[in-house]
Amino acid sequence: MRQNPIIVIGGGIAGLATALRLAPLPVVLIAASPLGTGAATSLAQGGIAAALGDDDTPLLHADDALVAAAGLGDPTMTQRIAEAGPAAIDWLREQGIGFDRAGDGDGIALGLEAAHSRRRIVHAGGDRTGRRVIDGLIAAAHKTPSISVIEGKVLDLAMTANGSVGGVVYLPAGARQASDAVLLPGRGVVLATGGIGGLYAHTTNPVTAIGTGLALAARAGAVLRDLEFVQFHPTAIAIGRDRMPLATEALRGEGAILVNARGERFMDAIPGAELAPRDIVANAVFRQIIAGEQVFLDTRPILGQAVHTRFPGFSALCTLGGLDPANQAIPIRPAAHYHMGGVKVGASGQTTVPGLWACGEVASTGLHGANRLASNSLLEAVAQSGWIAEDIKSGTAFKAARLEQARRTPSMGQAHASLRRQMDRDVGVVRDAAGLQRAIHDCWFALTENAQDATLAALLIAVSAERRHESRGAHQRADHTRTSGTPRHTEITLTEALESARELAESRIEAMEAFA
Ligand SMILES: Cc1cc2nc3c(=O)[nH]c(=O)nc-3n(C[C@H](O)[C@H](O)[C@H](O)COP(=O)(O)OP(=O)(O)OC[C@H]3O[C@@H](n4cnc5c(N)ncnc54)[C@H](O)[C@@H]3O)c2cc1C
């Protein structure tokens with residue numbers, strides 16, 4: 001009897017690597033836009049972290065990640081992923097991806113990035129690592145007969161009567177109405193839908209990265225973890241583009257400095273200066289901005305004209321905005337960049353719902369905790385894809401069961417501008433109870449009218465952030481500035497989030513009525 005395929009949702013590094021590792025099992029990979037577009041992977045500039053240097057070990061790599069994670073990193077998972085680094089690079093090379101070599105041609109060149117204690121960042125094509133990686137994986141997938149690719153947007157996970165995930169409901173590319181949706185049964189489903197940056201007005205992510213994976217998993221009953229931890233990249237290039245181009249951290253690794261319009265280097269009084277963890281740099285930049293300053297990244301003192309050859313991607317982005325980094329400082333600001341939280345997964349990427357795995361940015365493995373160490377996410381996706389594929393290959397196939405076809409109105413490809421502005425203002429770099437409660441209240445009322453994935457994802461993040469009464473890692477609260485002594489995770493389900501939101505909305509209405 002022909003088996004149902006495994007369905008992988010997402011055409012970034014996580015989806016493609018999982019599909020390739022699952023061969024020869026039949027896989028249908030569904031991506032919302034043509035492969036190579038719409039995925040954050042293709043934008044990655046910094047590189048991939050792996051303990052390859054003679055002075056480096058996975059233990060040192062894991063230690064750096066745990067420091068960044070601010071008490072919420074899972075030491076076992078972190079060590080396991082760090083140990084998987086060298087093999088992940090080997091696997092990518094086997095897929096045909098060539099990494100930059102050291103000057104003497106002997107071995108892979110290793111770069112330094114913020115908060116890494118050793119040079120361990122592997123690049124492909126200089127700062128075009130993500131593009132090279134995704135192109136290599138797409139080429140490998142096209143050569144793999146077990147992988148079929150469908151362009152379409154997954155609207156819902158299809159559930160079996162016994163509560164496991166047994167397929168997906170997707171809208172093929174070009175179709176617009178819910179009635180055009182197709183039910184595709186699957187032997188298992190892997191979510192690899194990426195992040196949430198597109199929920200924010202200022203983001204480095206594709207604007208279509210609106211957390212549909214979180215919404216899909218939440219509706220299926222999955223537990224979501226640490227959703228409040230959103231990393232804001234401190235140096236998105238402020239040239240009026242939506243998605244904001246990124247000035248890679250590697251520039252600061254090489255010695256570029258941050259200055260305000262008066263030429264003051266405001267980071268030099270802060271431990272680590274420009275190479276402090278991202279949340280600290282983002283916070284310092286944000287505080288300059290709310291104090292009315294404009295902030296710039298200055299590569300001139302350290303790179304001069306060499307910026308064009310050493311960082312061709314950055315140089316090209318500046319040129320697009322009519323700027324020349326060899327002759328002027330480049331305007332920057334913090335922007336939503338990476339989601340540390342996500343769908344809670346176990347050692348093999350399994351979620352709390354049978355038949356559903358999650359890989360890449362949409363997952364919460366325990367590696368990033370409250371803050372991600374730069375260049376660890378591509379590594380995490382490659383490592384995790386191997387464990388997920390092993391788990392699926394060793395497991396028994398899910399029995400065919402009757403599936404319920406959902407009839408949802410397709411969500412927009414992009415979050416509404418007002419929601420994005422609200423996320424920037426109320427769930428942004430620095431939060432407080434008043435803003436978070438306003439966001440929860442507004443999302444709750446928006447959901448009662450239209451159950452958009454973006455609004456649902458925003459609500460889940462805002463409720464998680466409201467519940468964390470401390471500042472930790474990337475979660476900075478103006479009204480709870482201290483870090484509590486005992487680190488704890490925030491776990492939430494859709495039912496709990498909706499209940500919290502309903503209670504909050506009702507109490508606000510009561511307060512307004514009492515006031516009236
Ligand atoms: C500018 C930038 C630079 C970065 N630099 C680095 C770096 O140097 N090193 C590093 O480690 N990390 C970096 N990151 C982070 C890293 O790129 C991402 O975390 C990683 O690529 C995520 O991979 P992914 O496969 O999980 O998601 P993505 O690559 O975002 O892919 C998600 C896929 O899911 C699809 N999808 C989403 N929803 C649906 C749906 N409902 N139906 C069908 N398909 C859907 C999308 O179309 C897309 O194909 C960077 C991120 C950005 C934005």
# chains A, B, ... in the order shown; residues from 1 in each chain; ligands from 1
>>> select_by_dssp(residues="stretch 193-374 of chain A", states="helix (DSSP H, G or I)", output="PyMOL selection string")
chain A and resi 197-199+212-219+249-253+273-275+278-290+300-310+312-320+360-362
>>> residues_around(residues="A:Gly435", least_positions_apart="6", cutoff="8 Å", atoms="only C-alpha atoms", output="list in words")
Arg425, Asp426 and Val427 of chain A
>>> closest_residue(among="A:Glu491, A:Asp424, A:Asp391, A:Glu506", to="A:Val190", atoms="only C-alpha atoms")
A:Asp391
>>> closest_atom_pairs(of="stretch 302-352 of chain A", to="stretch 266-290 of chain A", cutoff="10 Å", atoms="only C-alpha atoms", output="tab-separated table")
residue	atom	partner	partner_atom	distance
A:Ile332	CA	A:Val285	CA	8.7
A:Arg333	CA	A:Val285	CA	6.7
A:Pro334	CA	A:Ala282	CA	5.6
A:Ala335	CA	A:Ala282	CA	8.5
>>> write_last_selection(atoms="all heavy atoms", output="short mmCIF file (atom, residue, chain, number, x, y, z; two decimals), in the first residue's frame")
data_model
loop_
_atom_site.label_atom_id
_atom_site.label_comp_id
_atom_site.auth_asym_id
_atom_site.auth_seq_id
_atom_site.Cartn_x
_atom_site.Cartn_y
_atom_site.Cartn_z
N ILE A 332 21.34 53.63 11.42
CA ILE A 332 20.81 52.32 11.82
C ILE A 332 19.78 52.49 12.93
O ILE A 332 19.69 53.56 13.54
CB ILE A 332 21.93 51.36 12.29
CG1 ILE A 332 22.76 52.01 13.43
CG2 ILE A 332 22.85 50.97 11.15
CD1 ILE A 332 22.36 51.65 14.78
N ARG A 333 19.00 51.43 13.21
CA ARG A 333 18.10 51.39 14.38
C ARG A 333 17.79 49.91 14.69
O ARG A 333 17.99 49.04 13.83
CB ARG A 333 16.80 52.17 14.13
CG ARG A 333 15.92 51.65 12.99
CD ARG A 333 14.48 52.10 13.18
NE ARG A 333 13.92 51.47 14.36
CZ ARG A 333 13.09 52.08 15.22
NH1 ARG A 333 12.72 53.32 15.03
NH2 ARG A 333 12.63 51.41 16.27
N PRO A 334 17.28 49.61 15.89
CA PRO A 334 16.94 48.22 16.19
C PRO A 334 15.70 47.78 15.41
O PRO A 334 14.80 48.59 15.15
CB PRO A 334 16.63 48.23 17.69
CG PRO A 334 17.10 49.53 18.21
CD PRO A 334 17.08 50.49 17.06
N ALA A 335 15.65 46.51 15.05
CA ALA A 335 14.50 45.96 14.31
C ALA A 335 14.31 44.50 14.72
O ALA A 335 15.29 43.80 15.00
CB ALA A 335 14.75 46.05 12.80
#
>>> atom_distance(atom1="atom CA of A:Glu470", atom2="atom CA of A:Asp432")
10.1 Å
>>> residues_around(residues="A:Ala462", least_positions_apart="2", cutoff="8 Å", atoms="only C-alpha atoms", output="PyMOL selection string")
chain A and resi 228+427+436-437+439-440+458-460+464-466
>>> write_last_selection(atoms="N, CA and C atoms", output="PDB file, in the first residue's frame")
ATOM      1  N   GLU A 228       7.874  35.455  24.565  1.00  0.00           N
ATOM      2  CA  GLU A 228       8.186  36.870  24.803  1.00  0.00           C
ATOM      3  C   GLU A 228       9.592  37.243  24.346  1.00  0.00           C
ATOM      4  N   VAL A 427       5.044  45.979  22.236  1.00  0.00           N
ATOM      5  CA  VAL A 427       5.709  44.686  22.508  1.00  0.00           C
ATOM      6  C   VAL A 427       7.117  44.742  21.913  1.00  0.00           C
ATOM      7  N   LEU A 436       1.642  46.305  27.093  1.00  0.00           N
ATOM      8  CA  LEU A 436       1.355  44.891  26.814  1.00  0.00           C
ATOM      9  C   LEU A 436      -0.136  44.612  26.957  1.00  0.00           C
ATOM     10  N   GLN A 437      -0.745  45.198  27.981  1.00  0.00           N
ATOM     11  CA  GLN A 437      -2.184  44.961  28.179  1.00  0.00           C
ATOM     12  C   GLN A 437      -3.000  45.608  27.059  1.00  0.00           C
ATOM     13  N   ALA A 439      -1.945  45.905  23.990  1.00  0.00           N
ATOM     14  CA  ALA A 439      -1.773  45.029  22.824  1.00  0.00           C
ATOM     15  C   ALA A 439      -2.671  43.800  22.940  1.00  0.00           C
ATOM     16  N   ILE A 440      -2.729  43.213  24.147  1.00  0.00           N
ATOM     17  CA  ILE A 440      -3.561  42.015  24.353  1.00  0.00           C
ATOM     18  C   ILE A 440      -5.029  42.361  24.093  1.00  0.00           C
ATOM     19  N   ALA A 458       0.523  37.493  17.442  1.00  0.00           N
ATOM     20  CA  ALA A 458       0.826  38.697  18.222  1.00  0.00           C
ATOM     21  C   ALA A 458       0.243  38.578  19.629  1.00  0.00           C
ATOM     22  N   LEU A 459      -0.985  38.069  19.715  1.00  0.00           N
ATOM     23  CA  LEU A 459      -1.627  37.910  21.023  1.00  0.00           C
ATOM     24  C   LEU A 459      -0.827  36.941  21.900  1.00  0.00           C
ATOM     25  N   LEU A 460      -0.409  35.829  21.314  1.00  0.00           N
ATOM     26  CA  LEU A 460       0.344  34.828  22.086  1.00  0.00           C
ATOM     27  C   LEU A 460       1.640  35.438  22.636  1.00  0.00           C
ATOM     28  N   SER A 464       2.427  36.257  26.686  1.00  0.00           N
ATOM     29  CA  SER A 464       3.642  35.686  27.302  1.00  0.00           C
ATOM     30  C   SER A 464       4.492  36.799  27.904  1.00  0.00           C
ATOM     31  N   ALA A 465       4.628  37.912  27.171  1.00  0.00           N
ATOM     32  CA  ALA A 465       5.460  39.027  27.650  1.00  0.00           C
ATOM     33  C   ALA A 465       4.835  39.678  28.886  1.00  0.00           C
ATOM     34  N   GLU A 466       3.512  39.748  28.905  1.00  0.00           N
ATOM     35  CA  GLU A 466       2.826  40.374  30.045  1.00  0.00           C
ATOM     36  C   GLU A 466       3.039  39.533  31.308  1.00  0.00           C
TER      37      GLU A 466
END
